[in-house]
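The data block below is upload-v2.cif; it holds mmCIF, C-alpha atoms.
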```cif
data_query
loop_
_atom_site.group_PDB
_atom_site.id
_atom_site.type_symbol
_atom_site.label_atom_id
_atom_site.label_comp_id
_atom_site.auth_asym_id
_atom_site.auth_seq_id
_atom_site.Cartn_x
_atom_site.Cartn_y
_atom_site.Cartn_z
ATOM 1 C CA MET R 110 7.436 36.011 4.698
ATOM 2 C CA ASP R 111 7.714 36.951 0.992
ATOM 3 C CA SER R 112 4.817 37.145 -1.450
ATOM 4 C CA GLN R 113 5.917 33.979 -3.259
ATOM 5 C CA ASN R 114 5.697 31.905 -0.073
ATOM 6 C CA THR R 115 2.358 33.526 0.805
ATOM 7 C CA GLY R 116 1.006 32.638 -2.605
ATOM 8 C CA SER R 117 2.213 29.041 -2.224
ATOM 9 C CA GLU R 118 0.489 28.698 1.137
ATOM 10 C CA CYS R 119 -2.769 30.088 -0.277
ATOM 11 C CA GLU R 120 -2.592 27.624 -3.138
ATOM 12 C CA ASP R 121 -1.897 24.795 -0.687
ATOM 13 C CA GLU R 122 -4.894 25.766 1.440
ATOM 14 C CA ALA R 123 -7.172 25.889 -1.590
ATOM 15 C CA ALA R 124 -5.949 22.477 -2.694
ATOM 16 C CA THR R 125 -6.534 21.138 0.794
ATOM 17 C CA GLY R 126 -10.192 22.151 0.669
ATOM 18 C CA LYS R 127 -10.700 19.999 -2.415
ATOM 19 C CA MET R 128 -8.862 16.928 -1.160
ATOM 20 C CA ALA R 129 -11.524 15.486 1.139
ATOM 21 C CA ARG R 130 -14.160 15.727 -1.566
ATOM 22 C CA SER R 131 -12.000 14.297 -4.320
ATOM 23 C CA VAL R 132 -10.111 11.423 -2.709
ATOM 24 C CA LEU R 133 -12.622 8.693 -3.580
ATOM 25 C CA CYS R 134 -13.220 10.157 -7.041
ATOM 26 C CA THR R 135 -9.489 10.004 -7.709
ATOM 27 C CA CYS R 136 -9.444 6.339 -6.733
ATOM 28 C CA LEU R 137 -12.312 5.684 -9.152
ATOM 29 C CA GLY R 138 -10.330 7.310 -11.963
ATOM 30 C CA VAL R 139 -7.330 5.137 -11.171
ATOM 31 C CA LEU R 140 -9.640 2.128 -11.048
ATOM 32 C CA GLN R 141 -10.919 2.754 -14.577
ATOM 33 C CA LEU R 142 -7.373 3.075 -15.937
ATOM 34 C CA GLY R 143 -6.245 -0.040 -14.108
ATOM 35 C CA ARG R 144 -9.174 -2.108 -15.360
ATOM 36 C CA LYS R 145 -8.384 -1.196 -18.964
ATOM 37 C CA THR R 146 -4.733 -2.106 -18.522
ATOM 38 C CA ALA R 147 -5.562 -5.369 -16.763
ATOM 39 C CA LEU R 148 -7.928 -6.415 -19.545
ATOM 40 C CA LEU R 149 -5.161 -5.908 -22.095
ATOM 41 C CA SER R 150 -2.724 -8.018 -20.087
ATOM 42 C CA GLY R 151 -5.137 -10.645 -18.766
ATOM 43 C CA ALA R 152 -3.730 -13.420 -20.927
ATOM 44 C CA ARG R 153 -0.308 -12.998 -19.291
ATOM 45 C CA LEU R 154 -1.383 -13.301 -15.666
ATOM 46 C CA TYR R 155 -0.472 -16.981 -15.424
ATOM 47 C CA SER R 156 2.820 -18.782 -14.935
ATOM 48 C CA GLN R 157 4.358 -20.060 -18.161
ATOM 49 C CA SER R 158 5.117 -23.410 -16.530
ATOM 50 C CA GLU R 159 1.835 -23.940 -14.713
ATOM 51 C CA ALA R 160 -1.840 -23.267 -15.270
ATOM 52 C CA GLU R 161 -2.018 -21.431 -11.953
ATOM 53 C CA PRO R 162 -2.555 -17.699 -11.534
ATOM 54 C CA LEU R 163 0.468 -15.708 -10.413
ATOM 55 C CA THR R 164 -1.611 -14.127 -7.678
ATOM 56 C CA LEU R 165 -4.651 -15.315 -5.762
ATOM 57 C CA LYS R 166 -7.465 -13.021 -4.593
ATOM 58 C CA GLN R 167 -9.944 -13.876 -1.837
ATOM 59 C CA GLN R 168 -12.343 -11.591 0.018
ATOM 60 C CA SER R 169 -14.521 -12.062 3.078
ATOM 61 C CA ASP R 170 -15.998 -9.743 5.722
ATOM 62 C CA GLY R 171 -14.370 -6.663 4.231
ATOM 63 C CA ILE R 172 -10.869 -8.205 4.121
ATOM 64 C CA ARG R 173 -9.247 -8.883 0.740
ATOM 65 C CA ARG R 174 -6.380 -11.378 0.679
ATOM 66 C CA ILE R 175 -3.934 -11.067 -2.209
ATOM 67 C CA ILE R 176 -1.359 -13.871 -2.295
ATOM 68 C CA LEU R 177 1.774 -13.971 -4.456
ATOM 69 C CA ASN R 178 1.537 -17.456 -5.939
ATOM 70 C CA ASN R 179 4.759 -18.291 -7.764
ATOM 71 C CA PRO R 180 7.011 -19.821 -5.078
ATOM 72 C CA LYS R 181 9.040 -21.822 -7.625
ATOM 73 C CA LYS R 182 10.368 -18.508 -8.932
ATOM 74 C CA ARG R 183 10.653 -16.996 -5.461
ATOM 75 C CA ASN R 184 7.590 -14.859 -6.177
ATOM 76 C CA ALA R 185 9.677 -12.684 -8.483
ATOM 77 C CA LEU R 186 7.963 -9.479 -9.551
ATOM 78 C CA SER R 187 7.970 -10.226 -13.262
ATOM 79 C CA LEU R 188 5.935 -7.964 -15.510
ATOM 80 C CA SER R 189 3.134 -10.560 -15.506
ATOM 81 C CA MET R 190 3.211 -10.788 -11.706
ATOM 82 C CA LEU R 191 3.061 -6.997 -11.393
ATOM 83 C CA GLU R 192 0.136 -6.807 -13.819
ATOM 84 C CA SER R 193 -1.716 -9.519 -11.913
ATOM 85 C CA LEU R 194 -1.031 -7.773 -8.615
ATOM 86 C CA ARG R 195 -2.265 -4.474 -10.039
ATOM 87 C CA GLU R 196 -5.475 -6.083 -11.263
ATOM 88 C CA ASN R 197 -6.129 -7.661 -7.843
ATOM 89 C CA ILE R 198 -5.529 -4.369 -6.043
ATOM 90 C CA LEU R 199 -7.850 -2.386 -8.283
ATOM 91 C CA ALA R 200 -10.714 -4.881 -8.556
ATOM 92 C CA ASP R 201 -13.821 -3.184 -7.083
ATOM 93 C CA VAL R 202 -11.594 -0.893 -5.041
ATOM 94 C CA ASP R 203 -14.523 1.550 -4.745
ATOM 95 C CA SER R 204 -16.820 -1.073 -3.211
ATOM 96 C CA GLU R 205 -18.167 -0.334 0.270
ATOM 97 C CA ASP R 206 -17.571 -4.014 1.063
ATOM 98 C CA LEU R 207 -13.793 -3.576 0.815
ATOM 99 C CA ARG R 208 -12.201 -2.236 4.023
ATOM 100 C CA VAL R 209 -8.619 -3.552 4.062
ATOM 101 C CA VAL R 210 -6.159 -5.534 1.918
ATOM 102 C CA ILE R 211 -3.707 -8.151 3.227
ATOM 103 C CA LEU R 212 -0.778 -8.923 0.932
ATOM 104 C CA SER R 213 1.079 -12.204 1.546
ATOM 105 C CA ALA R 214 2.975 -14.885 -0.359
ATOM 106 C CA LYS R 215 3.268 -18.658 -0.734
ATOM 107 C CA GLY R 216 6.613 -20.263 0.009
ATOM 108 C CA PRO R 217 9.678 -19.280 2.042
ATOM 109 C CA VAL R 218 10.339 -16.141 -0.031
ATOM 110 C CA PHE R 219 7.879 -13.257 0.153
ATOM 111 C CA SER R 220 9.403 -11.839 -3.025
ATOM 112 C CA SER R 221 12.908 -11.818 -4.457
ATOM 113 C CA GLY R 222 12.259 -8.660 -6.475
ATOM 114 C CA HIS R 223 12.354 -8.261 -10.245
ATOM 115 C CA ASP R 224 12.862 -11.251 -12.516
ATOM 116 C CA LEU R 225 16.428 -10.638 -13.751
ATOM 117 C CA LYS R 226 15.775 -12.732 -16.857
ATOM 118 C CA GLU R 227 13.461 -9.917 -17.992
ATOM 119 C CA LEU R 228 16.197 -7.329 -17.535
ATOM 120 C CA THR R 229 18.754 -8.583 -20.057
ATOM 121 C CA SER R 230 19.689 -6.694 -23.226
ATOM 122 C CA ALA R 231 17.671 -9.201 -25.238
ATOM 123 C CA GLN R 232 14.450 -7.674 -23.855
ATOM 124 C CA GLY R 233 15.408 -4.154 -24.859
ATOM 125 C CA ARG R 234 14.995 -0.697 -23.364
ATOM 126 C CA GLU R 235 11.278 -0.361 -24.167
ATOM 127 C CA TYR R 236 10.457 -3.556 -22.268
ATOM 128 C CA HIS R 237 12.679 -2.540 -19.344
ATOM 129 C CA THR R 238 10.882 0.800 -19.178
ATOM 130 C CA LYS R 239 7.527 -0.948 -19.081
ATOM 131 C CA VAL R 240 8.664 -3.202 -16.205
ATOM 132 C CA PHE R 241 9.775 -0.311 -14.005
ATOM 133 C CA HIS R 242 6.795 1.857 -14.934
ATOM 134 C CA THR R 243 4.393 -0.936 -13.985
ATOM 135 C CA CYS R 244 6.276 -1.609 -10.766
ATOM 136 C CA SER R 245 6.137 2.069 -9.787
ATOM 137 C CA GLU R 246 2.425 2.130 -10.596
ATOM 138 C CA VAL R 247 1.745 -0.854 -8.312
ATOM 139 C CA MET R 248 3.744 0.652 -5.436
ATOM 140 C CA THR R 249 1.971 4.002 -5.685
ATOM 141 C CA LEU R 250 -1.445 2.336 -6.033
ATOM 142 C CA ILE R 251 -0.871 0.579 -2.712
ATOM 143 C CA GLN R 252 -0.470 3.965 -1.079
ATOM 144 C CA ASP R 253 -3.185 5.731 -3.072
ATOM 145 C CA ILE R 254 -6.138 3.349 -2.825
ATOM 146 C CA PRO R 255 -8.680 4.368 -0.146
ATOM 147 C CA VAL R 256 -8.191 1.336 2.118
ATOM 148 C CA PRO R 257 -5.159 0.302 4.195
ATOM 149 C CA VAL R 258 -2.828 -2.371 2.817
ATOM 150 C CA ILE R 259 -1.109 -4.751 5.248
ATOM 151 C CA ALA R 260 1.947 -6.788 4.284
ATOM 152 C CA MET R 261 1.981 -10.208 5.982
ATOM 153 C CA VAL R 262 5.539 -11.480 5.590
ATOM 154 C CA ASN R 263 6.985 -14.874 6.498
ATOM 155 C CA GLY R 264 10.370 -15.097 4.811
ATOM 156 C CA VAL R 265 12.761 -13.197 2.592
ATOM 157 C CA ALA R 266 11.928 -9.871 0.938
ATOM 158 C CA THR R 267 14.648 -8.489 -1.317
ATOM 159 C CA ALA R 268 15.017 -5.613 -3.776
ATOM 160 C CA ALA R 269 11.566 -4.805 -5.247
ATOM 161 C CA GLY R 270 10.130 -7.342 -2.788
ATOM 162 C CA CYS R 271 11.488 -5.211 0.044
ATOM 163 C CA GLN R 272 10.090 -2.176 -1.783
ATOM 164 C CA LEU R 273 6.687 -3.861 -1.772
ATOM 165 C CA VAL R 274 6.803 -4.274 2.016
ATOM 166 C CA ALA R 275 7.956 -0.685 2.495
ATOM 167 C CA SER R 276 5.110 0.592 0.311
ATOM 168 C CA CYS R 277 2.405 -1.051 2.427
ATOM 169 C CA ASP R 278 0.710 0.951 5.187
ATOM 170 C CA ILE R 279 1.350 -1.710 7.834
ATOM 171 C CA ALA R 280 3.716 -4.704 7.848
ATOM 172 C CA VAL R 281 3.448 -7.694 10.192
ATOM 173 C CA VAL R 282 6.362 -10.098 9.861
ATOM 174 C CA THR R 283 7.729 -13.252 11.450
ATOM 175 C CA GLU R 284 10.934 -13.447 13.433
ATOM 176 C CA LYS R 285 12.672 -15.348 10.614
ATOM 177 C CA SER R 286 11.908 -12.728 7.968
ATOM 178 C CA THR R 287 14.780 -10.739 6.459
ATOM 179 C CA PHE R 288 14.978 -7.680 4.228
ATOM 180 C CA ALA R 289 17.636 -6.592 1.752
ATOM 181 C CA THR R 290 18.389 -4.505 -1.327
ATOM 182 C CA PRO R 291 21.204 -6.558 -2.937
ATOM 183 C CA GLY R 292 21.019 -5.073 -6.421
ATOM 184 C CA VAL R 293 24.406 -3.397 -6.057
ATOM 185 C CA ASN R 294 25.993 -6.853 -5.909
ATOM 186 C CA VAL R 295 24.663 -7.821 -9.347
ATOM 187 C CA GLY R 296 25.402 -4.469 -10.982
ATOM 188 C CA LEU R 297 21.915 -2.982 -10.699
ATOM 189 C CA PHE R 298 21.591 -0.445 -7.880
ATOM 190 C CA CYS R 299 18.177 -0.629 -6.179
ATOM 191 C CA SER R 300 17.140 2.903 -7.134
ATOM 192 C CA THR R 301 13.385 2.289 -7.309
ATOM 193 C CA PRO R 302 13.261 0.275 -4.051
ATOM 194 C CA ALA R 303 15.142 3.199 -2.486
ATOM 195 C CA VAL R 304 12.130 5.458 -3.051
ATOM 196 C CA ALA R 305 9.921 3.456 -0.663
ATOM 197 C CA ILE R 306 12.644 2.250 1.698
ATOM 198 C CA GLY R 307 14.127 5.732 2.061
ATOM 199 C CA ARG R 308 10.734 6.996 3.191
ATOM 200 C CA ALA R 309 10.355 4.219 5.752
ATOM 201 C CA VAL R 310 13.760 4.062 7.473
ATOM 202 C CA PRO R 311 16.401 6.644 8.468
ATOM 203 C CA ARG R 312 18.671 7.813 5.645
ATOM 204 C CA LYS R 313 21.859 6.192 6.925
ATOM 205 C CA VAL R 314 20.137 2.845 7.447
ATOM 206 C CA ALA R 315 18.757 2.990 3.906
ATOM 207 C CA MET R 316 22.152 3.889 2.476
ATOM 208 C CA GLU R 317 23.877 0.988 4.228
ATOM 209 C CA MET R 318 21.251 -1.418 2.901
ATOM 210 C CA LEU R 319 21.600 0.003 -0.618
ATOM 211 C CA PHE R 320 25.412 0.229 -0.747
ATOM 212 C CA THR R 321 26.168 -3.173 0.792
ATOM 213 C CA GLY R 322 23.153 -5.342 0.013
ATOM 214 C CA THR R 323 23.481 -6.819 3.515
ATOM 215 C CA PRO R 324 20.173 -8.233 4.835
ATOM 216 C CA ILE R 325 18.654 -6.887 8.022
ATOM 217 C CA SER R 326 16.719 -9.018 10.487
ATOM 218 C CA ALA R 327 13.040 -8.660 11.306
ATOM 219 C CA HIS R 328 13.899 -7.078 14.654
ATOM 220 C CA ASP R 329 16.261 -4.567 13.032
ATOM 221 C CA ALA R 330 13.549 -3.800 10.468
ATOM 222 C CA LEU R 331 11.178 -3.099 13.354
ATOM 223 C CA LEU R 332 13.768 -0.955 15.144
ATOM 224 C CA HIS R 333 14.282 1.192 12.058
ATOM 225 C CA GLY R 334 10.601 1.482 11.070
ATOM 226 C CA LEU R 335 10.476 -0.724 7.998
ATOM 227 C CA VAL R 336 7.868 -3.001 9.620
ATOM 228 C CA SER R 337 5.151 -2.540 12.225
ATOM 229 C CA LYS R 338 5.273 -5.730 14.266
ATOM 230 C CA VAL R 339 7.392 -8.887 14.635
ATOM 231 C CA VAL R 340 5.623 -12.048 15.778
ATOM 232 C CA PRO R 341 6.347 -15.789 16.080
ATOM 233 C CA GLU R 342 5.546 -17.661 12.869
ATOM 234 C CA GLU R 343 2.605 -19.486 14.425
ATOM 235 C CA GLN R 344 0.988 -16.161 15.379
ATOM 236 C CA LEU R 345 1.404 -14.360 12.048
ATOM 237 C CA GLU R 346 -2.051 -15.080 10.665
ATOM 238 C CA GLU R 347 -3.817 -14.329 13.947
ATOM 239 C CA GLU R 348 -1.980 -11.050 14.572
ATOM 240 C CA THR R 349 -2.469 -9.805 11.014
ATOM 241 C CA LEU R 350 -6.162 -10.639 10.959
ATOM 242 C CA ALA R 351 -6.644 -8.946 14.340
ATOM 243 C CA ILE R 352 -5.298 -5.682 12.894
ATOM 244 C CA ALA R 353 -7.438 -6.040 9.762
ATOM 245 C CA GLN R 354 -10.560 -6.706 11.804
ATOM 246 C CA ARG R 355 -9.965 -3.612 13.924
ATOM 247 C CA ILE R 356 -9.688 -1.541 10.751
ATOM 248 C CA CYS R 357 -12.961 -3.034 9.508
ATOM 249 C CA LYS R 358 -14.756 -1.680 12.575
ATOM 250 C CA ALA R 359 -14.046 1.905 11.516
ATOM 251 C CA SER R 360 -15.975 3.972 8.977
ATOM 252 C CA ARG R 361 -14.643 3.368 5.466
ATOM 253 C CA PRO R 362 -14.813 7.014 4.267
ATOM 254 C CA VAL R 363 -13.175 8.227 7.478
ATOM 255 C CA VAL R 364 -10.307 5.747 7.005
ATOM 256 C CA ALA R 365 -9.994 6.722 3.325
ATOM 257 C CA LEU R 366 -9.857 10.406 4.180
ATOM 258 C CA GLY R 367 -7.314 9.765 6.928
ATOM 259 C CA LYS R 368 -5.046 7.690 4.700
ATOM 260 C CA ALA R 369 -5.041 10.274 1.905
ATOM 261 C CA THR R 370 -4.388 13.091 4.362
ATOM 262 C CA PHE R 371 -1.499 11.291 6.032
ATOM 263 C CA GLN R 372 0.165 10.584 2.683
ATOM 264 C CA ARG R 373 0.002 14.265 1.790
ATOM 265 C CA GLN R 374 1.189 15.483 5.190
ATOM 266 C CA MET R 375 4.344 13.382 4.942
ATOM 267 C CA ALA R 376 5.428 15.437 1.926
ATOM 268 C CA GLN R 377 4.698 18.800 3.584
ATOM 269 C CA GLY R 378 6.471 21.041 6.026
ATOM 270 C CA ARG R 379 5.127 21.395 9.560
ATOM 271 C CA ASP R 380 2.944 24.483 9.036
ATOM 272 C CA ALA R 381 1.478 23.252 5.768
ATOM 273 C CA ALA R 382 0.794 19.841 7.331
ATOM 274 C CA TYR R 383 -1.120 21.454 10.198
ATOM 275 C CA ALA R 384 -3.108 23.552 7.711
ATOM 276 C CA THR R 385 -3.972 20.405 5.764
ATOM 277 C CA ALA R 386 -4.897 18.444 8.881
ATOM 278 C CA SER R 387 -7.065 21.228 10.320
ATOM 279 C CA LYS R 388 -9.065 21.616 7.113
ATOM 280 C CA VAL R 389 -9.485 17.879 6.681
ATOM 281 C CA MET R 390 -10.695 17.439 10.268
ATOM 282 C CA VAL R 391 -13.381 20.055 9.594
ATOM 283 C CA ASP R 392 -14.322 18.135 6.434
ATOM 284 C CA ASN R 393 -14.335 14.907 8.459
ATOM 285 C CA LEU R 394 -16.788 16.461 10.927
ATOM 286 C CA ALA R 395 -19.089 17.263 8.027
ATOM 287 C CA LEU R 396 -19.337 13.578 7.094
ATOM 288 C CA ARG R 397 -22.400 11.665 8.159
ATOM 289 C CA ASP R 398 -20.206 9.021 9.797
ATOM 290 C CA GLY R 399 -18.177 11.726 11.525
ATOM 291 C CA GLN R 400 -21.279 13.035 13.274
ATOM 292 C CA GLU R 401 -22.562 9.517 13.982
ATOM 293 C CA GLY R 402 -19.337 8.663 15.801
ATOM 294 C CA ILE R 403 -19.556 11.742 18.007
ATOM 295 C CA ARG R 404 -23.224 11.147 18.803
ATOM 296 C CA ALA R 405 -22.523 7.516 19.660
ATOM 297 C CA PHE R 406 -19.746 8.552 22.046
ATOM 298 C CA ILE R 407 -21.959 11.108 23.769
ATOM 299 C CA GLU R 408 -24.850 8.629 23.986
ATOM 300 C CA LYS R 409 -22.551 5.844 25.224
ATOM 301 C CA ARG R 410 -23.379 3.395 22.428
ATOM 302 C CA LYS R 411 -21.618 1.765 19.496
ATOM 303 C CA PRO R 412 -21.643 3.796 16.276
ATOM 304 C CA VAL R 413 -23.631 2.552 13.299
ATOM 305 C CA TRP R 414 -21.567 3.450 10.264
ATOM 306 C CA SER R 415 -23.089 4.125 6.862
ATOM 307 C CA HIS R 416 -19.690 3.557 5.171
ATOM 308 C CA LYS R 417 -20.751 6.217 2.661
ATOM 309 C CA ALA R 418 -19.035 9.534 1.959
ATOM 310 C CA GLU R 419 -22.255 11.440 2.630
ATOM 311 C CA LYS R 420 -22.368 14.828 4.329
ATOM 312 C CA ALA R 421 -24.238 15.593 7.543
ATOM 313 C CA HIS R 422 -23.833 19.337 6.912
ATOM 314 C CA ASP R 423 -21.995 21.720 4.595
#
```
Just give me the structure of the file as structure tokens.
Amino acid sequence: MDSQNTGSECEDEAATGKMARSVLCTCLGVLQLGRKTALLSGARLYSQSEAEPLTLKQQSDGIRRIILNNPKKRNALSLSMLESLRENILADVDSEDLRVVILSAKGPVFSSGHDLKELTSAQGREYHTKVFHTCSEVMTLIQDIPVPVIAMVNGVATAAGCQLVASCDIAVVTEKSTFATPGVNVGLFCSTPAVAIGRAVPRKVAMEMLFTGTPISAHDALLHGLVSKVVPEEQLEEETLAIAQRICKASRPVVALGKATFQRQMAQGRDAAYATASKVMVDNLALRDGQEGIRAFIEKRKPVWSHKAEKAHD
């Protein structure tokens, strides 16, 4: 092993030691930025044709429901829709009361992707850049916030809509749902959707989707790893809520630490991933909730979580 590689591994290990302590602080920093941006765009978070919000946000018992609410436009991810979605994701994301997010949509189309009317030459390069920057920010926020995000899909998800599903931590879909990246057929290759989809499905499956635009079925999406579970339409709500409720039973800081660690491991080689995981498990054991869980197991009782990132020991 050469000195350059050794130095890289040392740097990686040092960075790993900071990750467990900084993950929630990072989310708070993102929250502050997102709140400022959302305040600037708040006037645009409604449909031009209706006095209804583009997204709906509800929260109960630790579960936040975010619903795409523009079925007349196939829940297209217009700039206003993306800004509304970003605001709903970031609202009180640091609250101990928030344990999981469920993302769903009204109508037969989960999301048809970007609003092509916003992508004409009349809008200009600066506007186009803002659309794709905001979209990328929303997709990365879904993966970076400290709680799991579940996509609940009952219909069609295409282009950036398919990207949205691929970006979520878990996806529960109905048997009639389909997924596609048809941009190539309208002269706009789905390059940004490819970032999320290419990390969810095997390379050759992603390339076929991207080069042909041919939809894949819910069962094929499950086979290739794009979604987590396929259920009958009448069971979608029940199955999704069951997963969310199981997540809510776990300690929030433990889940947050686990999610952040997993995201980092996926970008690392085997040895670096094991180094990261080993250090984070030691940090996890130092959490108050980490020790409570072990004591509860030994004492044969249910754990009583604090849901706080407090240490039991150094």
Computed interatomic separation between atom CA of Ile198 of chain R and atom CA of Thr283 of chain R (Å):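 Separating atom CA of Ile198 of chain R from atom CA of Thr283 of chain R is a distance of 23.7 Å.
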Computed interatomic separation between atom CA of Val363 of chain R and atom CA of Asp278 of chain R (Å): 15.8 Å
Residues matched by the PyMOL selection byres ((chain R and resi 291-296) around 7), written as a PDB file with C-alpha atoms, keeping the file's coordinate frame:
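Dumped to expr-v6.pdb:
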```
ATOM      1  CA  ALA R 268      15.017  -5.613  -3.776  1.00  0.00           C
ATOM      2  CA  ALA R 289      17.636  -6.592   1.752  1.00  0.00           C
ATOM      3  CA  THR R 290      18.389  -4.505  -1.327  1.00  0.00           C
ATOM      4  CA  LEU R 297      21.915  -2.982 -10.699  1.00  0.00           C
ATOM      5  CA  PHE R 298      21.591  -0.445  -7.880  1.00  0.00           C
ATOM      6  CA  CYS R 299      18.177  -0.629  -6.179  1.00  0.00           C
ATOM      7  CA  LEU R 319      21.600   0.003  -0.618  1.00  0.00           C
ATOM      8  CA  PHE R 320      25.412   0.229  -0.747  1.00  0.00           C
ATOM      9  CA  GLY R 322      23.153  -5.342   0.013  1.00  0.00           C
ATOM     10  CA  THR R 323      23.481  -6.819   3.515  1.00  0.00           C
TER      11      THR R 323
END
```
Pick from R:Leu207, R:Met390, R:Val339, R:Ala266, whichever lies nearest to Ala327 of chain R using all atoms listed in the file: R:Val339
Atom CA of Ala214 of chain R to atom CA of Val282 of chain R, straight-line distance in Å: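 According to the coordinates, atom CA of Val282 of chain R and atom CA of Ala214 of chain R are separated by 11.8 Å.
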For Asp170 of chain R: contacts at 12 Å, all atoms listed in the file, fewer than 4 positions along chain excluded, given as a list in words: Arg174, Glu205, Asp206, Leu207, Arg208, Val209, Val210, Leu350, Ala353, Gln354, Arg355, Ile356, Cys357 and Lys358 of chain R
Centre and edge lengths, as JSON, for the axis-aligned box enclosing every listed atom of segment 340-346 of chain R with 5 Å of padding on each of the six sides, in Å to one decimal?
```
{"center_x": 2.1, "center_y": -15.8, "center_z": 13.4, "size_x": 18.4, "size_y": 17.4, "size_z": 15.4}
```
Closest of R:Leu188, R:Val304, R:Leu273, R:Leu163 to Met248 of chain R - atom-to-atom distances counting all atoms listed in the file: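 The shortest atom-to-atom distance to Met248 of chain R comes from R:Leu273.
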Explicit residue set for the PyMOL selection byres ((chain R and resi 183) around 6), as a list in words: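 Taken on the displayed file, the PyMOL selection byres ((chain R and resi 183) around 6) yields the residues Pro180, Lys181, Lys182, Asn184, Ala185, Val218, Ser220 and Ser221 of chain R.
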Distance query segment 394-398 of chain R at most 12 Å, only C-alpha atoms, self and fewer than 6 positions along chain excluded, as a tab-separated table (two decimals) with C-alpha atoms, keeping the file's coordinate frame:
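And here's result_37.tsv as it stands now:
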```tsv
chain	number	residue	atom	x	y	z
R	129	ALA	CA	-11.52	15.49	1.14
R	130	ARG	CA	-14.16	15.73	-1.57
R	359	ALA	CA	-14.05	1.90	11.52
R	360	SER	CA	-15.98	3.97	8.98
R	361	ARG	CA	-14.64	3.37	5.47
R	362	PRO	CA	-14.81	7.01	4.27
R	363	VAL	CA	-13.18	8.23	7.48
R	364	VAL	CA	-10.31	5.75	7.00
R	366	LEU	CA	-9.86	10.41	4.18
R	387	SER	CA	-7.06	21.23	10.32
R	388	LYS	CA	-9.06	21.62	7.11
R	404	ARG	CA	-23.22	11.15	18.80
R	405	ALA	CA	-22.52	7.52	19.66
R	412	PRO	CA	-21.64	3.80	16.28
R	413	VAL	CA	-23.63	2.55	13.30
R	414	TRP	CA	-21.57	3.45	10.26
R	415	SER	CA	-23.09	4.12	6.86
R	416	HIS	CA	-19.69	3.56	5.17
R	417	LYS	CA	-20.75	6.22	2.66
R	418	ALA	CA	-19.04	9.53	1.96
R	419	GLU	CA	-22.26	11.44	2.63
R	420	LYS	CA	-22.37	14.83	4.33
R	421	ALA	CA	-24.24	15.59	7.54
R	422	HIS	CA	-23.83	19.34	6.91
R	423	ASP	CA	-22.00	21.72	4.60
```
Test item: the PyMOL selection byres ((chain R and resi 315) around 10) resolved as a list of chain:residue names: R:Ala289, R:Thr290, R:Ala303, R:Val304, R:Ala305, R:Ile306, R:Gly307, R:Arg308, R:Ala309, R:Val310, R:Pro311, R:Arg312, R:Lys313, R:Val314, R:Met316, R:Glu317, R:Met318, R:Leu319, R:Phe320, R:His333, R:Leu335
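Across R:Glu346, R:Glu161, R:Glu235, R:Glu284, the tightest approach to Asn179 of chain R is made by R:Glu161 when counting only C-alpha atoms.
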Nearest-residue call for Asp201 of chain R, choices R:Ser276, R:Gln168, R:Ser300, R:Asn178, using only C-alpha atoms: R:Gln168
What's the 9 Å shell around Leu191 of chain R, counting all atoms listed in the file, without same-chain residues fewer than 4 positions away, as a PDB file with C-alpha atoms, keeping the file's coordinate frame?
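Printed below is selection08.pdb as written:
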```pdb
ATOM      1  CA  LEU R 154      -1.383 -13.301 -15.666  1.00  0.00           C
ATOM      2  CA  LEU R 186       7.963  -9.479  -9.551  1.00  0.00           C
ATOM      3  CA  SER R 187       7.970 -10.226 -13.262  1.00  0.00           C
ATOM      4  CA  ARG R 195      -2.265  -4.474 -10.039  1.00  0.00           C
ATOM      5  CA  GLU R 196      -5.475  -6.083 -11.263  1.00  0.00           C
ATOM      6  CA  VAL R 240       8.664  -3.202 -16.205  1.00  0.00           C
ATOM      7  CA  THR R 243       4.393  -0.936 -13.985  1.00  0.00           C
ATOM      8  CA  CYS R 244       6.276  -1.609 -10.766  1.00  0.00           C
ATOM      9  CA  VAL R 247       1.745  -0.854  -8.312  1.00  0.00           C
TER      10      VAL R 247
END
```
All residues 10 Å or closer to segment 372-374 of chain R, all atoms listed in the file, same chain fewer than 3 positions away omitted, as number ranges by chain: R: 125, 128, 252-253, 278, 367-369, 377-386
Fewer than 5 positions away in the same chain doesn't count, so skip those; otherwise give me all residues within 12 Å of Val281 of chain R, counting all atoms listed in the file, as a short mmCIF file (atom, residue, chain, number, x, y, z; two decimals) with C-alpha atoms, in the coordinates of the input.
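As written to disk, out.cif reads:
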```
data_model
loop_
_atom_site.label_atom_id
_atom_site.label_comp_id
_atom_site.auth_asym_id
_atom_site.auth_seq_id
_atom_site.Cartn_x
_atom_site.Cartn_y
_atom_site.Cartn_z
CA ILE R 211 -3.71 -8.15 3.23
CA LEU R 212 -0.78 -8.92 0.93
CA SER R 213 1.08 -12.20 1.55
CA VAL R 258 -2.83 -2.37 2.82
CA ILE R 259 -1.11 -4.75 5.25
CA ALA R 260 1.95 -6.79 4.28
CA MET R 261 1.98 -10.21 5.98
CA VAL R 262 5.54 -11.48 5.59
CA ASN R 263 6.98 -14.87 6.50
CA GLY R 264 10.37 -15.10 4.81
CA VAL R 274 6.80 -4.27 2.02
CA ALA R 275 7.96 -0.68 2.50
CA SER R 286 11.91 -12.73 7.97
CA ALA R 327 13.04 -8.66 11.31
CA HIS R 328 13.90 -7.08 14.65
CA ALA R 330 13.55 -3.80 10.47
CA LEU R 331 11.18 -3.10 13.35
CA GLY R 334 10.60 1.48 11.07
CA LEU R 335 10.48 -0.72 8.00
CA VAL R 336 7.87 -3.00 9.62
CA SER R 337 5.15 -2.54 12.22
CA LYS R 338 5.27 -5.73 14.27
CA VAL R 339 7.39 -8.89 14.64
CA VAL R 340 5.62 -12.05 15.78
CA PRO R 341 6.35 -15.79 16.08
CA GLU R 342 5.55 -17.66 12.87
CA GLN R 344 0.99 -16.16 15.38
CA LEU R 345 1.40 -14.36 12.05
CA GLU R 346 -2.05 -15.08 10.66
CA GLU R 347 -3.82 -14.33 13.95
CA GLU R 348 -1.98 -11.05 14.57
CA THR R 349 -2.47 -9.80 11.01
CA LEU R 350 -6.16 -10.64 10.96
CA ALA R 351 -6.64 -8.95 14.34
CA ILE R 352 -5.30 -5.68 12.89
CA ALA R 353 -7.44 -6.04 9.76
#
```
